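**Student:** Mind having a look at this structure? Questions to follow.
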Amino acid sequence: KQEVTQIPAALSVPEGENLVLNCSFTDSAIYNLQWFRQDPGKGLTSLLLIQSSQREQTSGRLNASLDKSSGRSTLYIAASQPGDSATYLCAVNFMKTAGNKLTFGGGTRVLVKP
Amino acid sequence: DGGITQSPKYLFRKEGQNVTLSCEQNLNHDAMYWYRQDPGQGLRLIYYSQIVNDFQKGDIAEGYSVSREKKESFPLTVTSAQKNPTAFYLCASSAQQGNEQYFGPGTRLTVT
């Protein structure tokens with residue numbers, strides 16, 4: 001069964017510290033992996049999409065790595081700010097599931113303290 | 001302004017009533033999806049459609065129905081057969097298989 005896990009479920013850091021968010025998945029046969037941000041009561045905002053053939057993707061202060069062989073992805077957020085406080089979700093598009101379906105992790109709730 | 005719109009933002013219904021949630025996109029995407037989000041359970045796929053006039057069940061389709069008569073629209077009906085309908089419902093779309101999915105702002109449904 002294809003599963004996605006995010007540990008820890010919650011994380012608190014002081015402003016300015018780098019954030020490291022982890023995502024693990026059970027099957028290395030994937031099309032891609034997507035990181036999202038969700039603010040309370042809102043929809044999901046796509047942050048980064050990493051295709052299966054890529055090792056990392058970068059956008060501003062965000063960097064996501066992908067290691068298919070170990071079933072892991074890590075989202076790095078440099079120099080965190082209070083505005084980075086949100087829940088971060090990892091989602092995997094497994095090859096064995098039809099229809100471009102995303103399988104989501106439970107998310108990591110991040111609090112950046114001023 | 002391209003994107004996905006969902007309406008209404010909040011919806012209240014009495015038990016036993018059917019309710020339809022709207023999802024519209026102007027991104028010209030072929031594929032559309034409905035997810036349900038419950039506290040502590042992450043997002044789960046209800047239905048998806050890869051092309052007009054075709055749709056497939058996701059992991060938790062029981063008690064729900066959809067239609068895809070137009071490329072830009074993918075309404076979700078929550079029927080009285082759905083045992084625990086209170087949840088946050090999210091619609092998404094993508095251009096093709098393997099492409100990035102974009103999400104709407106969500107509809108919070110409360111059934112009492």
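Just remember, in the structure tokens the first chain shown is A, the second B, etc., residues are 1-based per chain, and ligands are 1-based in the order shown.
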Produce a table with one row for each residue of chain A that has an atom at most 12 Å from any atom of chain B, each row naming the nearest atom pair and its distance in Å at one decimal; use only C-alpha atoms; arrange rows by chain and rising residue number; format as JSON lines.
**Tutor:**
{"residue": "A:Glu3", "atom": "CA", "partner": "B:Gly42", "partner_atom": "CA", "distance": 11.7}
{"residue": "A:Val4", "atom": "CA", "partner": "B:Gly42", "partner_atom": "CA", "distance": 10.3}
{"residue": "A:Thr5", "atom": "CA", "partner": "B:Gly42", "partner_atom": "CA", "distance": 10.4}
{"residue": "A:Gln6", "atom": "CA", "partner": "B:Gly42", "partner_atom": "CA", "distance": 10.7}
{"residue": "A:Ala9", "atom": "CA", "partner": "B:Gly40", "partner_atom": "CA", "distance": 9.6}
{"residue": "A:Ala10", "atom": "CA", "partner": "B:Gly40", "partner_atom": "CA", "distance": 11.9}
{"residue": "A:Ile30", "atom": "CA", "partner": "B:Gly98", "partner_atom": "CA", "distance": 9.4}
{"residue": "A:Tyr31", "atom": "CA", "partner": "B:Gly98", "partner_atom": "CA", "distance": 5.9}
{"residue": "A:Asn32", "atom": "CA", "partner": "B:Gly98", "partner_atom": "CA", "distance": 6.5}
{"residue": "A:Leu33", "atom": "CA", "partner": "B:Glu100", "partner_atom": "CA", "distance": 9.1}
{"residue": "A:Gln34", "atom": "CA", "partner": "B:Glu100", "partner_atom": "CA", "distance": 7.4}
{"residue": "A:Trp35", "atom": "CA", "partner": "B:Glu100", "partner_atom": "CA", "distance": 10.1}
{"residue": "A:Phe36", "atom": "CA", "partner": "B:Tyr102", "partner_atom": "CA", "distance": 9.7}
{"residue": "A:Arg37", "atom": "CA", "partner": "B:Phe103", "partner_atom": "CA", "distance": 10.9}
{"residue": "A:Gln38", "atom": "CA", "partner": "B:Pro105", "partner_atom": "CA", "distance": 10.0}
{"residue": "A:Asp39", "atom": "CA", "partner": "B:Pro105", "partner_atom": "CA", "distance": 10.4}
{"residue": "A:Pro40", "atom": "CA", "partner": "B:Pro105", "partner_atom": "CA", "distance": 11.0}
{"residue": "A:Gly41", "atom": "CA", "partner": "B:Gly106", "partner_atom": "CA", "distance": 8.2}
{"residue": "A:Lys42", "atom": "CA", "partner": "B:Pro105", "partner_atom": "CA", "distance": 5.5}
{"residue": "A:Gly43", "atom": "CA", "partner": "B:Pro105", "partner_atom": "CA", "distance": 4.1}
{"residue": "A:Leu44", "atom": "CA", "partner": "B:Phe103", "partner_atom": "CA", "distance": 5.6}
{"residue": "A:Thr45", "atom": "CA", "partner": "B:Phe103", "partner_atom": "CA", "distance": 6.9}
{"residue": "A:Ser46", "atom": "CA", "partner": "B:Tyr102", "partner_atom": "CA", "distance": 6.6}
{"residue": "A:Leu47", "atom": "CA", "partner": "B:Glu100", "partner_atom": "CA", "distance": 10.0}
{"residue": "A:Leu48", "atom": "CA", "partner": "B:Glu100", "partner_atom": "CA", "distance": 8.7}
{"residue": "A:Leu49", "atom": "CA", "partner": "B:Glu100", "partner_atom": "CA", "distance": 6.4}
{"residue": "A:Ile50", "atom": "CA", "partner": "B:Glu100", "partner_atom": "CA", "distance": 9.2}
{"residue": "A:Gln51", "atom": "CA", "partner": "B:Gly98", "partner_atom": "CA", "distance": 8.0}
{"residue": "A:Ser52", "atom": "CA", "partner": "B:Gly98", "partner_atom": "CA", "distance": 9.5}
{"residue": "A:Ser53", "atom": "CA", "partner": "B:Gly98", "partner_atom": "CA", "distance": 11.9}
{"residue": "A:Thr87", "atom": "CA", "partner": "B:Gly42", "partner_atom": "CA", "distance": 11.0}
{"residue": "A:Tyr88", "atom": "CA", "partner": "B:Gly42", "partner_atom": "CA", "distance": 11.1}
{"residue": "A:Leu89", "atom": "CA", "partner": "B:Gly42", "partner_atom": "CA", "distance": 8.6}
{"residue": "A:Cys90", "atom": "CA", "partner": "B:Gly42", "partner_atom": "CA", "distance": 10.2}
{"residue": "A:Ala91", "atom": "CA", "partner": "B:Leu43", "partner_atom": "CA", "distance": 9.5}
{"residue": "A:Val92", "atom": "CA", "partner": "B:Gly98", "partner_atom": "CA", "distance": 10.3}
{"residue": "A:Asn93", "atom": "CA", "partner": "B:Gly98", "partner_atom": "CA", "distance": 7.3}
{"residue": "A:Phe94", "atom": "CA", "partner": "B:Gly98", "partner_atom": "CA", "distance": 9.6}
{"residue": "A:Met95", "atom": "CA", "partner": "B:Gly98", "partner_atom": "CA", "distance": 9.5}
{"residue": "A:Thr97", "atom": "CA", "partner": "B:Gly58", "partner_atom": "CA", "distance": 10.1}
{"residue": "A:Ala98", "atom": "CA", "partner": "B:Gly58", "partner_atom": "CA", "distance": 9.4}
{"residue": "A:Gly99", "atom": "CA", "partner": "B:Gln50", "partner_atom": "CA", "distance": 6.9}
{"residue": "A:Asn100", "atom": "CA", "partner": "B:Gln97", "partner_atom": "CA", "distance": 5.1}
{"residue": "A:Lys101", "atom": "CA", "partner": "B:Leu45", "partner_atom": "CA", "distance": 7.6}
{"residue": "A:Leu102", "atom": "CA", "partner": "B:Leu45", "partner_atom": "CA", "distance": 8.0}
{"residue": "A:Thr103", "atom": "CA", "partner": "B:Arg44", "partner_atom": "CA", "distance": 7.6}
{"residue": "A:Phe104", "atom": "CA", "partner": "B:Leu43", "partner_atom": "CA", "distance": 6.1}
{"residue": "A:Gly105", "atom": "CA", "partner": "B:Gly42", "partner_atom": "CA", "distance": 6.4}
{"residue": "A:Gly106", "atom": "CA", "partner": "B:Gly42", "partner_atom": "CA", "distance": 4.7}
{"residue": "A:Gly107", "atom": "CA", "partner": "B:Gly42", "partner_atom": "CA", "distance": 7.1}
{"residue": "A:Thr108", "atom": "CA", "partner": "B:Gly42", "partner_atom": "CA", "distance": 10.7}
{"residue": "A:Arg109", "atom": "CA", "partner": "B:Gly40", "partner_atom": "CA", "distance": 11.3}
**Student:** Quick one: write out the picked residues with N, CA and C atoms as a compact mmCIF listing (two decimals), in the first residue's frame?
**Tutor:**
# COMPACT_ATOMS: atom_id res chain seq x y z
N GLU A 3 1.88 4.80 0.98
CA GLU A 3 1.62 5.70 2.09
C GLU A 3 2.67 6.80 2.15
N VAL A 4 2.25 7.93 2.72
CA VAL A 4 3.13 9.09 2.89
C VAL A 4 3.07 9.52 4.36
N THR A 5 4.25 9.73 4.93
CA THR A 5 4.32 10.06 6.35
C THR A 5 5.13 11.33 6.54
N GLN A 6 4.65 12.20 7.42
CA GLN A 6 5.38 13.41 7.75
C GLN A 6 5.59 13.46 9.27
N ALA A 9 4.69 16.02 13.57
CA ALA A 9 3.39 16.60 13.23
C ALA A 9 3.37 18.10 13.49
N ALA A 10 4.22 18.56 14.41
CA ALA A 10 4.29 19.98 14.72
C ALA A 10 5.72 20.37 15.05
N ILE A 30 7.44 6.54 -8.39
CA ILE A 30 6.59 7.72 -8.33
C ILE A 30 6.73 8.54 -9.60
N TYR A 31 5.69 9.29 -9.94
CA TYR A 31 5.77 10.26 -11.03
C TYR A 31 6.39 11.56 -10.53
N ASN A 32 5.90 12.01 -9.40
CA ASN A 32 6.40 13.27 -8.84
C ASN A 32 5.99 13.40 -7.38
N LEU A 33 6.51 14.42 -6.75
CA LEU A 33 6.18 14.74 -5.36
C LEU A 33 5.95 16.24 -5.28
N GLN A 34 4.93 16.63 -4.54
CA GLN A 34 4.57 18.05 -4.47
C GLN A 34 4.50 18.49 -3.01
N TRP A 35 5.05 19.67 -2.73
CA TRP A 35 4.94 20.27 -1.41
C TRP A 35 3.92 21.41 -1.47
N PHE A 36 3.06 21.45 -0.43
CA PHE A 36 2.03 22.46 -0.34
C PHE A 36 2.13 23.18 1.00
N ARG A 37 1.58 24.38 1.01
CA ARG A 37 1.39 25.14 2.25
C ARG A 37 -0.10 25.34 2.44
N GLN A 38 -0.57 25.20 3.70
CA GLN A 38 -1.98 25.46 3.99
C GLN A 38 -2.08 26.34 5.22
N ASP A 39 -2.73 27.47 5.06
CA ASP A 39 -3.03 28.34 6.20
C ASP A 39 -4.38 27.92 6.78
N PRO A 40 -4.62 28.21 8.07
CA PRO A 40 -5.86 27.74 8.72
C PRO A 40 -7.11 28.15 7.96
N GLY A 41 -7.97 27.17 7.67
CA GLY A 41 -9.24 27.43 7.00
C GLY A 41 -9.12 27.76 5.53
N LYS A 42 -7.95 27.59 4.95
CA LYS A 42 -7.74 27.95 3.54
C LYS A 42 -7.44 26.73 2.69
N GLY A 43 -7.38 26.96 1.38
CA GLY A 43 -6.99 25.90 0.47
C GLY A 43 -5.49 25.68 0.50
N LEU A 44 -5.01 24.82 -0.41
CA LEU A 44 -3.59 24.49 -0.48
C LEU A 44 -2.91 25.35 -1.53
N THR A 45 -1.72 25.83 -1.17
CA THR A 45 -0.90 26.58 -2.11
C THR A 45 0.29 25.72 -2.50
N SER A 46 0.45 25.49 -3.79
CA SER A 46 1.58 24.67 -4.24
C SER A 46 2.88 25.44 -4.08
N LEU A 47 3.86 24.80 -3.46
CA LEU A 47 5.17 25.42 -3.25
C LEU A 47 6.18 24.94 -4.28
N LEU A 48 6.32 23.62 -4.37
CA LEU A 48 7.32 23.05 -5.27
C LEU A 48 6.81 21.71 -5.78
N LEU A 49 7.14 21.43 -7.04
CA LEU A 49 6.86 20.13 -7.64
C LEU A 49 8.18 19.54 -8.07
N ILE A 50 8.48 18.32 -7.62
CA ILE A 50 9.71 17.64 -8.05
C ILE A 50 9.31 16.43 -8.88
N GLN A 51 9.78 16.39 -10.10
CA GLN A 51 9.51 15.24 -10.95
C GLN A 51 10.42 14.08 -10.53
N SER A 52 10.03 12.90 -10.91
CA SER A 52 10.75 11.69 -10.53
C SER A 52 12.22 11.72 -10.94
N SER A 53 12.50 12.38 -12.06
CA SER A 53 13.87 12.40 -12.59
C SER A 53 14.74 13.47 -11.94
N THR A 87 0.70 25.06 7.95
CA THR A 87 0.87 23.61 7.86
C THR A 87 1.44 23.29 6.48
N TYR A 88 2.45 22.45 6.46
CA TYR A 88 3.11 22.07 5.21
C TYR A 88 2.78 20.60 4.92
N LEU A 89 2.27 20.38 3.71
CA LEU A 89 1.83 19.05 3.30
C LEU A 89 2.69 18.54 2.15
N CYS A 90 3.02 17.27 2.25
CA CYS A 90 3.75 16.57 1.19
C CYS A 90 2.77 15.63 0.51
N ALA A 91 2.81 15.55 -0.81
CA ALA A 91 1.91 14.67 -1.55
C ALA A 91 2.67 13.97 -2.66
N VAL A 92 2.42 12.68 -2.80
CA VAL A 92 3.14 11.88 -3.79
C VAL A 92 2.19 11.33 -4.83
N ASN A 93 2.61 11.38 -6.09
CA ASN A 93 1.88 10.79 -7.20
C ASN A 93 2.54 9.45 -7.52
N PHE A 94 1.98 8.37 -6.94
CA PHE A 94 2.55 7.05 -7.14
C PHE A 94 2.15 6.49 -8.50
N MET A 95 3.07 5.75 -9.13
CA MET A 95 2.79 5.17 -10.45
C MET A 95 1.70 4.12 -10.39
N THR A 97 -0.98 4.09 -8.70
CA THR A 97 -2.34 4.60 -8.51
C THR A 97 -2.75 5.34 -9.76
N ALA A 98 -4.00 5.15 -10.17
CA ALA A 98 -4.45 5.69 -11.44
C ALA A 98 -4.88 7.15 -11.31
N GLY A 99 -4.93 7.83 -12.45
CA GLY A 99 -5.57 9.14 -12.52
C GLY A 99 -4.84 10.31 -11.93
N ASN A 100 -3.50 10.23 -11.85
CA ASN A 100 -2.74 11.38 -11.32
C ASN A 100 -3.15 11.70 -9.89
N LYS A 101 -3.56 10.65 -9.17
CA LYS A 101 -4.01 10.84 -7.80
C LYS A 101 -2.83 11.16 -6.90
N LEU A 102 -3.02 12.11 -5.98
CA LEU A 102 -2.02 12.44 -4.98
C LEU A 102 -2.35 11.73 -3.67
N THR A 103 -1.33 11.14 -3.05
CA THR A 103 -1.47 10.59 -1.72
C THR A 103 -0.76 11.53 -0.76
N PHE A 104 -1.51 12.02 0.23
CA PHE A 104 -1.01 13.06 1.12
C PHE A 104 -0.48 12.51 2.43
N GLY A 105 0.54 13.18 2.94
CA GLY A 105 0.96 12.97 4.31
C GLY A 105 0.04 13.77 5.24
N GLY A 106 0.21 13.56 6.53
CA GLY A 106 -0.65 14.22 7.51
C GLY A 106 -0.30 15.68 7.76
N GLY A 107 0.86 16.10 7.25
CA GLY A 107 1.26 17.50 7.40
C GLY A 107 2.12 17.76 8.62
N THR A 108 2.90 18.83 8.55
CA THR A 108 3.67 19.32 9.69
C THR A 108 3.23 20.75 9.96
N ARG A 109 2.74 20.99 11.16
CA ARG A 109 2.29 22.34 11.53
C ARG A 109 3.47 23.11 12.08
**Student:** Hey, what's within 10 Å of Ser65 (chain A) if we count only C-alpha atoms and toss same-chain stuff fewer than 6 positions away? As a list in words, please?
**Tutor:**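 Non-adjacent residues within range: Asn22, Leu33, Ile50, Gln54, Arg55, Glu56, Gln57, Thr58, Arg72, Ser73, Thr74, Leu75 and Tyr76 of chain A.
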**Student:** Restricting the output to N, CA, C and O atoms, write the selected residues as a PDB file, in the first residue's frame.
**Tutor:**
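The file below, selection_25.pdb, is the result:
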ATOM      1  N   ASN A  22      10.331  16.980   6.914  1.00  0.00           N
ATOM      2  CA  ASN A  22      10.577  15.658   6.356  1.00  0.00           C
ATOM      3  C   ASN A  22       9.322  14.995   5.812  1.00  0.00           C
ATOM      4  O   ASN A  22       8.219  15.172   6.363  1.00  0.00           O
ATOM      5  N   LEU A  33       6.507  14.421  -6.750  1.00  0.00           N
ATOM      6  CA  LEU A  33       6.182  14.737  -5.360  1.00  0.00           C
ATOM      7  C   LEU A  33       5.953  16.241  -5.284  1.00  0.00           C
ATOM      8  O   LEU A  33       6.688  17.030  -5.896  1.00  0.00           O
ATOM      9  N   ILE A  50       8.483  18.315  -7.622  1.00  0.00           N
ATOM     10  CA  ILE A  50       9.711  17.637  -8.045  1.00  0.00           C
ATOM     11  C   ILE A  50       9.310  16.433  -8.878  1.00  0.00           C
ATOM     12  O   ILE A  50       8.608  15.532  -8.388  1.00  0.00           O
ATOM     13  N   GLN A  54      14.156  14.295 -11.072  1.00  0.00           N
ATOM     14  CA  GLN A  54      14.898  15.399 -10.473  1.00  0.00           C
ATOM     15  C   GLN A  54      15.369  15.055  -9.073  1.00  0.00           C
ATOM     16  O   GLN A  54      14.754  14.237  -8.383  1.00  0.00           O
ATOM     17  N   ARG A  55      16.442  15.716  -8.623  1.00  0.00           N
ATOM     18  CA  ARG A  55      16.948  15.500  -7.273  1.00  0.00           C
ATOM     19  C   ARG A  55      16.545  16.637  -6.348  1.00  0.00           C
ATOM     20  O   ARG A  55      16.459  16.458  -5.131  1.00  0.00           O
ATOM     21  N   GLU A  56      16.317  17.829  -6.924  1.00  0.00           N
ATOM     22  CA  GLU A  56      15.898  18.940  -6.089  1.00  0.00           C
ATOM     23  C   GLU A  56      15.252  20.024  -6.929  1.00  0.00           C
ATOM     24  O   GLU A  56      15.401  20.073  -8.153  1.00  0.00           O
ATOM     25  N   GLN A  57      14.513  20.900  -6.212  1.00  0.00           N
ATOM     26  CA  GLN A  57      13.890  22.061  -6.819  1.00  0.00           C
ATOM     27  C   GLN A  57      14.030  23.222  -5.852  1.00  0.00           C
ATOM     28  O   GLN A  57      13.974  23.027  -4.639  1.00  0.00           O
ATOM     29  N   THR A  58      14.201  24.409  -6.402  1.00  0.00           N
ATOM     30  CA  THR A  58      14.404  25.588  -5.557  1.00  0.00           C
ATOM     31  C   THR A  58      13.485  26.711  -6.006  1.00  0.00           C
ATOM     32  O   THR A  58      13.250  26.892  -7.209  1.00  0.00           O
ATOM     33  N   ARG A  72      12.423   9.373   0.446  1.00  0.00           N
ATOM     34  CA  ARG A  72      12.406  10.579   1.273  1.00  0.00           C
ATOM     35  C   ARG A  72      12.466  11.858   0.452  1.00  0.00           C
ATOM     36  O   ARG A  72      13.104  11.923  -0.590  1.00  0.00           O
ATOM     37  N   SER A  73      11.786  12.863   1.005  1.00  0.00           N
ATOM     38  CA  SER A  73      11.923  14.217   0.493  1.00  0.00           C
ATOM     39  C   SER A  73      12.040  15.159   1.677  1.00  0.00           C
ATOM     40  O   SER A  73      11.446  14.913   2.742  1.00  0.00           O
ATOM     41  N   THR A  74      12.830  16.194   1.502  1.00  0.00           N
ATOM     42  CA  THR A  74      13.012  17.179   2.558  1.00  0.00           C
ATOM     43  C   THR A  74      12.768  18.567   2.003  1.00  0.00           C
ATOM     44  O   THR A  74      13.273  18.901   0.929  1.00  0.00           O
ATOM     45  N   LEU A  75      11.978  19.345   2.718  1.00  0.00           N
ATOM     46  CA  LEU A  75      11.745  20.744   2.358  1.00  0.00           C
ATOM     47  C   LEU A  75      12.534  21.618   3.324  1.00  0.00           C
ATOM     48  O   LEU A  75      12.355  21.522   4.539  1.00  0.00           O
ATOM     49  N   TYR A  76      13.429  22.448   2.768  1.00  0.00           N
ATOM     50  CA  TYR A  76      14.224  23.376   3.563  1.00  0.00           C
ATOM     51  C   TYR A  76      13.677  24.791   3.345  1.00  0.00           C
ATOM     52  O   TYR A  76      13.479  25.207   2.199  1.00  0.00           O
TER      53      TYR A  76
END
**Student:** Near region 77-83 of chain A, counting only C-alpha atoms, which residues have an atom at most 12 Å away, once you skip same-chain residues fewer than 5 positions from it, shown as a ChimeraX atom specification?
**Tutor:** /A:12-22,35,37,39,47-48,58-65,88,110-114
**Student:** Quick one: residues within 7 Å of region 61-75 of chain B, only C-alpha atoms counted, chain neighbours fewer than 6 positions away excluded, as a count of residues only?
**Tutor:** 17
**Student:** Report the distance between CA of Leu76 (chain B) and CA of Ile51 (chain B) in Å, rounded to one decimal place.
**Tutor:** 15.8 Å
**Student:** To one decimal place, how far is CA of Ser70 (chain A) from CA of Lys1 (chain A) in Å?
**Tutor:**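 Taking CA of Ser70 (chain A) and CA of Lys1 (chain A), their separation equals 16.4 Å.
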